[in-house]
file coords12.cif (mmCIF, C-alpha atoms)
data_run
loop_
_atom_site.label_atom_id
_atom_site.label_comp_id
_atom_site.auth_asym_id
_atom_site.auth_seq_id
_atom_site.Cartn_x
_atom_site.Cartn_y
_atom_site.Cartn_z
CA MET A 1288 -34.07 14.20 -55.53
CA ARG A 1289 -33.87 11.24 -53.20
CA ILE A 1290 -35.64 9.00 -55.72
CA ASN A 1291 -32.74 9.44 -58.15
CA ASN A 1292 -30.70 7.12 -55.90
CA PHE A 1293 -32.74 4.21 -57.28
CA GLU A 1294 -32.44 2.43 -60.61
CA TYR A 1295 -35.86 0.90 -59.93
CA PHE A 1296 -38.36 1.34 -57.13
CA THR A 1297 -41.99 0.66 -56.42
CA PHE A 1298 -44.55 2.18 -54.11
CA THR A 1299 -48.31 2.42 -53.72
CA TYR A 1300 -50.45 5.39 -52.81
CA LEU A 1301 -53.39 4.17 -50.75
CA ASP A 1302 -56.23 6.71 -50.63
CA SER A 1303 -56.73 6.32 -46.91
CA PRO A 1304 -55.34 7.70 -43.66
CA LEU A 1305 -52.48 5.69 -42.15
CA GLU A 1306 -54.56 4.88 -39.05
CA LYS A 1307 -57.08 2.92 -41.11
CA ILE A 1308 -54.32 0.95 -42.86
CA ASP A 1309 -52.52 0.36 -39.55
CA ASP A 1310 -55.72 -1.08 -38.07
CA TYR A 1311 -56.10 -3.45 -41.06
CA VAL A 1312 -52.45 -4.57 -40.85
CA GLN A 1313 -52.70 -5.24 -37.10
CA LYS A 1314 -55.85 -7.33 -37.52
CA LYS A 1315 -54.72 -9.30 -40.60
CA LEU A 1316 -51.01 -9.78 -39.95
CA GLY A 1317 -50.35 -8.94 -36.31
CA ASP A 1318 -51.86 -12.06 -34.75
CA SER A 1319 -50.39 -14.60 -37.16
CA GLY A 1320 -47.02 -14.89 -35.44
CA LYS A 1321 -45.38 -14.73 -38.86
CA TYR A 1322 -44.86 -10.95 -38.86
CA LYS A 1323 -43.14 -8.38 -36.70
CA ILE A 1324 -44.91 -5.01 -36.75
CA THR A 1325 -43.04 -1.96 -35.48
CA ARG A 1326 -43.94 1.72 -35.32
CA THR A 1327 -40.86 3.60 -36.45
CA PRO A 1328 -39.91 6.60 -38.61
CA PHE A 1329 -39.82 5.76 -42.34
CA LYS A 1330 -36.41 4.98 -43.87
CA PHE A 1331 -35.31 4.03 -47.36
CA ASP A 1332 -33.57 0.96 -45.97
CA LEU A 1333 -35.26 -1.99 -47.68
CA TYR A 1334 -32.76 -2.15 -50.56
CA GLU A 1335 -29.92 -0.17 -52.14
CA THR A 1336 -30.80 0.74 -55.75
CA CYS A 1337 -33.53 -1.80 -56.66
CA PRO A 1338 -35.58 -4.48 -54.88
CA PRO A 1339 -34.26 -8.05 -54.89
CA LYS A 1340 -35.54 -10.09 -57.84
CA GLY A 1341 -38.15 -12.77 -57.43
CA GLY A 1342 -40.28 -13.51 -54.41
CA ALA A 1343 -38.18 -16.02 -52.46
CA HIS A 1344 -37.13 -13.49 -49.83
CA PHE A 1345 -39.17 -12.44 -46.80
CA GLU A 1346 -41.22 -9.35 -47.42
CA LYS A 1347 -40.54 -6.10 -45.64
CA LEU A 1348 -42.72 -3.07 -46.12
CA TYR A 1349 -43.47 0.31 -44.70
CA PHE A 1350 -46.79 2.06 -44.48
CA PHE A 1351 -46.29 5.76 -43.82
CA ALA A 1352 -47.97 9.15 -43.89
CA PRO A 1353 -45.77 11.51 -45.96
CA LYS A 1354 -44.65 14.68 -44.22
CA THR A 1355 -46.06 16.78 -47.08
CA CYS A 1356 -49.51 15.11 -47.12
CA GLU A 1357 -50.23 13.41 -43.82
CA ASP A 1358 -53.81 12.47 -44.78
CA LYS A 1359 -52.48 9.96 -47.34
CA CYS A 1360 -50.76 6.60 -46.91
CA ILE A 1361 -47.82 5.25 -48.91
CA MET A 1362 -46.72 1.62 -48.99
CA PHE A 1363 -43.07 0.92 -49.83
CA SER A 1364 -41.90 -2.70 -50.05
CA ASN A 1365 -38.90 -4.83 -50.96
CA TYR A 1366 -40.75 -6.67 -53.77
CA PRO A 1367 -40.28 -5.74 -57.45
CA ASP A 1368 -44.06 -5.71 -58.02
CA GLY A 1369 -44.62 -3.58 -54.91
CA PHE A 1370 -46.26 -6.54 -53.15
CA SER A 1371 -49.38 -5.91 -55.23
CA SER A 1372 -51.29 -8.92 -53.86
CA LEU A 1373 -51.48 -7.17 -50.48
CA VAL A 1374 -52.57 -3.93 -52.19
CA TYR A 1375 -55.53 -5.72 -53.82
CA ASN A 1376 -56.51 -7.21 -50.45
CA ILE A 1377 -56.32 -3.85 -48.64
CA SER A 1378 -58.24 -2.06 -51.39
CA ASP A 1379 -60.96 -4.71 -51.32
CA ALA A 1380 -61.26 -4.93 -47.53
CA LEU A 1381 -61.31 -1.17 -46.94
CA LYS A 1382 -63.13 -0.22 -50.19
CA ILE A 1383 -60.47 2.31 -51.16
CA LYS A 1384 -58.52 3.41 -54.23
CA ALA A 1385 -54.88 2.43 -54.68
CA TYR A 1386 -52.33 3.61 -57.23
CA CYS A 1387 -49.31 1.32 -57.70
CA PHE A 1388 -46.17 2.71 -59.34
CA GLN A 1389 -43.11 0.95 -60.73
CA ILE A 1390 -40.46 3.46 -61.77
CA SER A 1391 -37.08 2.81 -63.35
CA THR A 1392 -34.43 4.51 -65.38
CA ASN A 1393 -34.60 3.52 -69.06
CA ASN A 1394 -31.03 2.18 -69.03
CA THR A 1395 -31.83 -0.41 -66.34
CA PRO A 1396 -31.51 -3.92 -67.91
CA ASP A 1397 -35.09 -4.91 -67.02
CA ALA A 1398 -36.60 -1.42 -67.18
CA MET A 1399 -40.24 -1.19 -66.14
CA ASN A 1400 -42.33 1.94 -65.89
CA ALA A 1401 -45.90 1.25 -64.93
CA PHE A 1402 -48.90 2.28 -62.94
CA LYS A 1403 -51.95 0.39 -61.87
CA TYR A 1404 -55.15 1.91 -60.53
CA ILE A 1405 -57.14 -0.37 -58.24
CA GLU A 1406 -60.51 0.43 -56.69
CA ASN A 1407 -62.37 -1.77 -54.20
CA GLY A 1408 -59.96 -4.61 -54.94
CA LYS A 1409 -60.51 -4.51 -58.72
CA GLU A 1410 -58.04 -3.41 -61.37
CA VAL A 1411 -59.49 -0.40 -63.17
CA ARG A 1412 -56.48 0.70 -65.25
CA ILE A 1413 -52.99 -0.55 -66.06
CA VAL A 1414 -50.38 1.07 -68.28
CA TYR A 1415 -46.76 0.05 -68.72
CA ALA A 1416 -43.67 0.33 -70.90
CA MET A 1417 -41.14 -2.42 -70.26
CA LYS A 1418 -37.92 -3.77 -71.72
CA ASP A 1419 -38.07 -7.56 -72.17
CA PRO A 1420 -35.64 -7.65 -74.09
CA LYS A 1421 -37.27 -5.20 -76.56
CA TRP A 1422 -39.52 -2.37 -75.42
CA ASN A 1423 -43.23 -3.24 -75.13
CA PHE A 1424 -46.15 -0.96 -74.33
CA TYR A 1425 -49.50 -2.01 -72.90
CA CYS A 1426 -52.58 -0.26 -71.57
CA HIS A 1427 -55.96 -1.56 -70.49
CA GLY A 1428 -59.00 0.02 -68.87
CA GLU A 1429 -60.52 3.47 -68.96
CA ILE A 1430 -58.04 6.34 -69.23
CA GLN A 1431 -57.88 8.38 -66.01
CA PRO A 1432 -58.03 12.19 -65.69
CA PHE A 1433 -54.41 12.45 -64.50
CA GLU A 1434 -53.01 10.65 -67.58
CA ASP A 1435 -51.44 12.34 -70.60
CA LYS A 1436 -52.83 10.23 -73.46
CA GLU A 1437 -50.68 12.11 -76.00
CA LEU A 1438 -47.62 10.35 -74.54
CA TYR A 1439 -48.98 6.96 -75.58
CA GLN A 1440 -48.79 7.95 -79.25
CA ARG A 1441 -45.03 8.56 -79.23
CA LYS A 1442 -43.04 6.57 -81.76
CA MET A 1443 -40.35 5.48 -79.29
CA ILE A 1444 -42.02 2.98 -76.99
CA LYS A 1445 -39.74 3.70 -74.03
CA ARG A 1446 -40.85 7.35 -74.15
CA ARG A 1447 -44.58 6.51 -73.94
CA LEU A 1448 -44.39 5.97 -70.19
CA ASP A 1449 -41.14 6.88 -68.46
CA LYS A 1450 -39.96 8.10 -65.08
CA GLU A 1451 -40.84 11.73 -65.82
CA ALA A 1452 -44.37 10.84 -66.93
CA LEU A 1453 -44.97 8.83 -63.76
CA ILE A 1454 -43.59 11.64 -61.57
CA SER A 1455 -46.06 13.96 -63.33
CA TYR A 1456 -48.95 11.54 -62.70
CA CYS A 1457 -48.03 11.41 -59.01
CA ALA A 1458 -48.04 15.22 -58.80
CA LYS A 1459 -51.51 15.31 -60.40
CA LEU A 1460 -52.69 12.84 -57.75
CA GLY A 1461 -51.42 15.19 -55.02
CA ILE A 1462 -48.22 13.36 -54.14
CA ASP A 1463 -45.02 15.15 -55.15
CA ILE A 1464 -42.45 12.36 -54.95
CA ARG A 1465 -39.71 14.74 -56.19
CA ASP A 1466 -39.90 16.63 -52.91
CA ASP A 1467 -37.52 14.91 -50.50
CA THR A 1468 -39.72 15.87 -47.55
CA PHE A 1469 -42.46 13.69 -49.05
CA TRP A 1470 -40.33 10.69 -48.04
CA GLU A 1471 -39.91 11.90 -44.47
CA SER A 1472 -42.33 10.59 -41.88
CA GLN A 1473 -42.36 9.95 -38.17
CA GLN A 1474 -45.70 8.15 -38.65
CA SER A 1475 -44.72 4.79 -40.08
CA VAL A 1476 -45.49 1.11 -39.62
CA LEU A 1477 -42.77 -1.40 -40.57
CA VAL A 1478 -43.96 -4.93 -41.34
CA GLU A 1479 -41.37 -7.73 -41.52
CA ARG A 1480 -42.13 -11.36 -42.24
CA LEU A 1481 -40.33 -13.68 -39.82
CA SER A 1482 -41.36 -17.09 -41.18
CA TRP A 1483 -43.29 -18.76 -43.99
#
call {"tool": "encode", "arguments": {"input": "coords12.cif", "output": "structure tokens"}}
result
Amino acid sequence: MRINNFEYFTFTYLDSPLEKIDDYVQKKLGDSGKYKITRTPFKFDLYETCPPKGGAHFEKLYFFAPKTCEDKCIMFSNYPDGFSSLVYNISDALKIKAYCFQISTNNTPDAMNAFKYIENGKEVRIVYAMKDPKWNFYCHGEIQPFEDKELYQRKMIKRRLDKEALISYCAKLGIDIRDDTFWESQQSVLVERLSW
């Protein structure tokens, strides 16, 4: 699996066709002069094994239609939080659902396994298990149909929400991130910030 190359990665599933997202990005970011927007095939080239820490670097992100489900849009960025502020804005402006995922291996020093469900710009559900420095578990909002609530009762906190659970949630949402062809797309928009 291509995703096993990463110690930590984030992405968002936007419940919208790429064309609608592309239109929003062009209108909101394209005219500012601060961003370069390019149509290019998707590549895993924003970072090696995990996104750079903090937010002092210029953002780079792809919006793409996965080869295995071209009616959906995925956002992949070089920010550890998946550039969630933009996700809220898109969800609010387009009145769509968004599912943000942060997935890591449990032996990563700052392990974080989380998902956030946003609808119409509002956070509906958040669940995470993170190591800081001890393992903590948190959930808020109404449990969603794709969740396995039995997991959240496990004694070991790091096992309540891990990489395998999040992969399972993705599959239930209709996005099989284990399939390497999911990450292949000729339909992609690359957004790169050029200046503050």
call {"tool": "resolve_selection", "arguments": {"input": "coords12.cif", "expression": "the PyMOL selection byres ((chain A and resi 1456) around 12)", "output": "PDB file with C-alpha atoms, keeping the file's coordinate frame"}}
result
ATOM      1  CA  TYR A1300     -50.450   5.390 -52.810  1.00  0.00           C
ATOM      2  CA  TYR A1386     -52.330   3.610 -57.230  1.00  0.00           C
ATOM      3  CA  CYS A1387     -49.310   1.320 -57.700  1.00  0.00           C
ATOM      4  CA  PHE A1388     -46.170   2.710 -59.340  1.00  0.00           C
ATOM      5  CA  ILE A1390     -40.460   3.460 -61.770  1.00  0.00           C
ATOM      6  CA  ALA A1401     -45.900   1.250 -64.930  1.00  0.00           C
ATOM      7  CA  PHE A1402     -48.900   2.280 -62.940  1.00  0.00           C
ATOM      8  CA  LYS A1403     -51.950   0.390 -61.870  1.00  0.00           C
ATOM      9  CA  TYR A1404     -55.150   1.910 -60.530  1.00  0.00           C
ATOM     10  CA  VAL A1414     -50.380   1.070 -68.280  1.00  0.00           C
ATOM     11  CA  GLN A1431     -57.880   8.380 -66.010  1.00  0.00           C
ATOM     12  CA  PRO A1432     -58.030  12.190 -65.690  1.00  0.00           C
ATOM     13  CA  PHE A1433     -54.410  12.450 -64.500  1.00  0.00           C
ATOM     14  CA  GLU A1434     -53.010  10.650 -67.580  1.00  0.00           C
ATOM     15  CA  ASP A1435     -51.440  12.340 -70.600  1.00  0.00           C
ATOM     16  CA  LYS A1436     -52.830  10.230 -73.460  1.00  0.00           C
ATOM     17  CA  LEU A1438     -47.620  10.350 -74.540  1.00  0.00           C
ATOM     18  CA  LEU A1448     -44.390   5.970 -70.190  1.00  0.00           C
ATOM     19  CA  ASP A1449     -41.140   6.880 -68.460  1.00  0.00           C
ATOM     20  CA  LYS A1450     -39.960   8.100 -65.080  1.00  0.00           C
ATOM     21  CA  GLU A1451     -40.840  11.730 -65.820  1.00  0.00           C
ATOM     22  CA  ALA A1452     -44.370  10.840 -66.930  1.00  0.00           C
ATOM     23  CA  LEU A1453     -44.970   8.830 -63.760  1.00  0.00           C
ATOM     24  CA  ILE A1454     -43.590  11.640 -61.570  1.00  0.00           C
ATOM     25  CA  SER A1455     -46.060  13.960 -63.330  1.00  0.00           C
ATOM     26  CA  CYS A1457     -48.030  11.410 -59.010  1.00  0.00           C
ATOM     27  CA  ALA A1458     -48.040  15.220 -58.800  1.00  0.00           C
ATOM     28  CA  LYS A1459     -51.510  15.310 -60.400  1.00  0.00           C
ATOM     29  CA  LEU A1460     -52.690  12.840 -57.750  1.00  0.00           C
ATOM     30  CA  GLY A1461     -51.420  15.190 -55.020  1.00  0.00           C
ATOM     31  CA  ILE A1462     -48.220  13.360 -54.140  1.00  0.00           C
ATOM     32  CA  ASP A1463     -45.020  15.150 -55.150  1.00  0.00           C
ATOM     33  CA  ILE A1464     -42.450  12.360 -54.950  1.00  0.00           C
ATOM     34  CA  ARG A1465     -39.710  14.740 -56.190  1.00  0.00           C
TER      35      ARG A1465
END
call {"tool": "resolve_selection", "arguments": {"input": "coords12.cif", "expression": "the PyMOL selection byres ((chain A and resi 1334) around 12)", "output": "PyMOL selection string"}}
result
chain A and resi 1292-1297+1330-1333+1335-1340+1346-1348+1363-1367
call {"tool": "residues_around", "arguments": {"input": "coords12.cif", "residues": "stretch 1420-1430 of chain A", "least_positions_apart": "6", "cutoff": "12 Å", "atoms": "only C-alpha atoms", "output": "count of residues only"}}
result
33
call {"tool": "atom_distance", "arguments": {"input": "coords12.cif", "atom1": "atom CA of A:Asp1358", "atom2": "atom CA of A:Ile1308"}}
result
11.7 Å
call {"tool": "resolve_selection", "arguments": {"input": "coords12.cif", "expression": "the PyMOL selection byres ((chain A and resi 1313) around 12)", "output": "list in words"}}
result
Glu1306, Lys1307, Ile1308, Asp1309, Asp1310, Tyr1311, Val1312, Lys1314, Lys1315, Leu1316, Gly1317, Asp1318, Ser1319, Gly1320, Tyr1322, Lys1323, Ile1324, Thr1325, Arg1326, Phe1350, Val1476, Leu1477 and Val1478 of chain A
call {"tool": "axis_aligned_box", "arguments": {"input": "coords12.cif", "around": "stretch 1326-1342 of chain A", "padding_each_side": "8 Å", "output": "JSON"}}
result
{"center_x": -36.9, "center_y": -3.5, "center_z": -46.6, "size_x": 30.0, "size_y": 36.1, "size_z": 38.5}
call {"tool": "closest_residue", "arguments": {"input": "coords12.cif", "among": "A:Gly1342, A:Thr1299, A:Lys1354, A:Pro1328", "to": "A:Trp1470", "atoms": "all atoms listed in the file"}}
result
A:Lys1354
call {"tool": "atom_distance", "arguments": {"input": "coords12.cif", "atom1": "atom CA of A:Gly1408", "atom2": "atom CA of A:Ser1371"}}
result
10.7 Å
call {"tool": "closest_residue", "arguments": {"input": "coords12.cif", "among": "A:Glu1406, A:Gln1473, A:Pro1353, A:Lys1418", "to": "A:Ile1377", "atoms": "only C-alpha atoms"}}
result
A:Glu1406
call {"tool": "atom_distance", "arguments": {"input": "coords12.cif", "atom1": "atom CA of A:Lys1382", "atom2": "atom CA of A:Cys1356"}}
result
20.7 Å
call {"tool": "residues_around", "arguments": {"input": "coords12.cif", "residues": "A:Asp1302", "least_positions_apart": "6", "cutoff": "9 Å", "atoms": "all atoms listed in the file", "output": "NGL selection string"}}
result
:A and (1358-1361 or 1383-1386)
call {"tool": "closest_residue", "arguments": {"input": "coords12.cif", "among": "A:Ser1391, A:Ala1352, A:Leu1301, A:Ala1416", "to": "A:Asn1376", "atoms": "all atoms listed in the file"}}
result
A:Leu1301
call {"tool": "closest_residue", "arguments": {"input": "coords12.cif", "among": "A:Asp1466, A:Asn1407, A:Gly1341, A:Asp1368", "to": "A:Leu1381", "atoms": "all atoms listed in the file"}}
result
A:Asn1407
call {"tool": "closest_residue", "arguments": {"input": "coords12.cif", "among": "A:His1344, A:Arg1480, A:Arg1289, A:Lys1321", "to": "A:Asp1467", "atoms": "all atoms listed in the file"}}
result
A:Arg1289
call {"tool": "decode", "arguments": {"input": "coords12.cif", "residues": "stretch 1302-1350 of chain A", "atoms": "C-alpha atoms", "output": "PDB file, in the first residue's frame"}}
result
ATOM      1  CA  ASP A1302     -18.325  15.320  -0.821  1.00  0.00           C
ATOM      2  CA  SER A1303     -18.344  17.231  -4.081  1.00  0.00           C
ATOM      3  CA  PRO A1304     -17.150  16.820  -7.660  1.00  0.00           C
ATOM      4  CA  LEU A1305     -13.694  18.248  -8.373  1.00  0.00           C
ATOM      5  CA  GLU A1306     -15.143  20.782 -10.837  1.00  0.00           C
ATOM      6  CA  LYS A1307     -17.128  22.496  -8.087  1.00  0.00           C
ATOM      7  CA  ILE A1308     -14.069  22.682  -5.812  1.00  0.00           C
ATOM      8  CA  ASP A1309     -11.882  23.889  -8.696  1.00  0.00           C
ATOM      9  CA  ASP A1310     -14.349  26.708  -9.383  1.00  0.00           C
ATOM     10  CA  TYR A1311     -14.275  27.758  -5.702  1.00  0.00           C
ATOM     11  CA  VAL A1312     -10.453  27.673  -5.590  1.00  0.00           C
ATOM     12  CA  GLN A1313     -10.143  29.747  -8.776  1.00  0.00           C
ATOM     13  CA  LYS A1314     -12.545  32.392  -7.460  1.00  0.00           C
ATOM     14  CA  LYS A1315     -11.154  32.589  -3.901  1.00  0.00           C
ATOM     15  CA  LEU A1316      -7.429  32.101  -4.446  1.00  0.00           C
ATOM     16  CA  GLY A1317      -6.729  32.543  -8.147  1.00  0.00           C
ATOM     17  CA  ASP A1318      -7.080  36.320  -8.317  1.00  0.00           C
ATOM     18  CA  SER A1319      -5.135  37.159  -5.162  1.00  0.00           C
ATOM     19  CA  GLY A1320      -1.688  37.005  -6.760  1.00  0.00           C
ATOM     20  CA  LYS A1321      -0.490  35.055  -3.723  1.00  0.00           C
ATOM     21  CA  TYR A1322      -1.140  31.607  -5.215  1.00  0.00           C
ATOM     22  CA  LYS A1323      -0.088  29.646  -8.257  1.00  0.00           C
ATOM     23  CA  ILE A1324      -2.791  27.244  -9.460  1.00  0.00           C
ATOM     24  CA  THR A1325      -1.823  24.484 -11.882  1.00  0.00           C
ATOM     25  CA  ARG A1326      -3.774  21.623 -13.426  1.00  0.00           C
ATOM     26  CA  THR A1327      -1.516  18.596 -13.220  1.00  0.00           C
ATOM     27  CA  PRO A1328      -1.714  14.866 -12.423  1.00  0.00           C
ATOM     28  CA  PHE A1329      -1.714  14.157  -8.672  1.00  0.00           C
ATOM     29  CA  LYS A1330       1.615  13.183  -7.080  1.00  0.00           C
ATOM     30  CA  PHE A1331       2.634  12.342  -3.535  1.00  0.00           C
ATOM     31  CA  ASP A1332       5.335  14.999  -3.692  1.00  0.00           C
ATOM     32  CA  LEU A1333       4.463  17.455  -0.908  1.00  0.00           C
ATOM     33  CA  TYR A1334       6.627  15.718   1.717  1.00  0.00           C
ATOM     34  CA  GLU A1335       8.579  12.503   2.308  1.00  0.00           C
ATOM     35  CA  THR A1336       7.142  10.625   5.307  1.00  0.00           C
ATOM     36  CA  CYS A1337       5.241  13.337   7.226  1.00  0.00           C
ATOM     37  CA  PRO A1338       4.260  16.989   6.703  1.00  0.00           C
ATOM     38  CA  PRO A1339       6.592  19.684   8.053  1.00  0.00           C
ATOM     39  CA  LYS A1340       5.719  20.739  11.602  1.00  0.00           C
ATOM     40  CA  GLY A1341       4.087  24.049  12.358  1.00  0.00           C
ATOM     41  CA  GLY A1342       2.573  26.508   9.938  1.00  0.00           C
ATOM     42  CA  ALA A1343       5.496  28.773   9.049  1.00  0.00           C
ATOM     43  CA  HIS A1344       5.966  27.242   5.601  1.00  0.00           C
ATOM     44  CA  PHE A1345       3.993  28.106   2.477  1.00  0.00           C
ATOM     45  CA  GLU A1346       1.056  25.823   1.919  1.00  0.00           C
ATOM     46  CA  LYS A1347       0.883  23.453  -1.005  1.00  0.00           C
ATOM     47  CA  LEU A1348      -2.147  21.320  -1.664  1.00  0.00           C
ATOM     48  CA  TYR A1349      -3.744  19.149  -4.257  1.00  0.00           C
ATOM     49  CA  PHE A1350      -7.406  18.741  -5.018  1.00  0.00           C
TER      50      PHE A1350
END
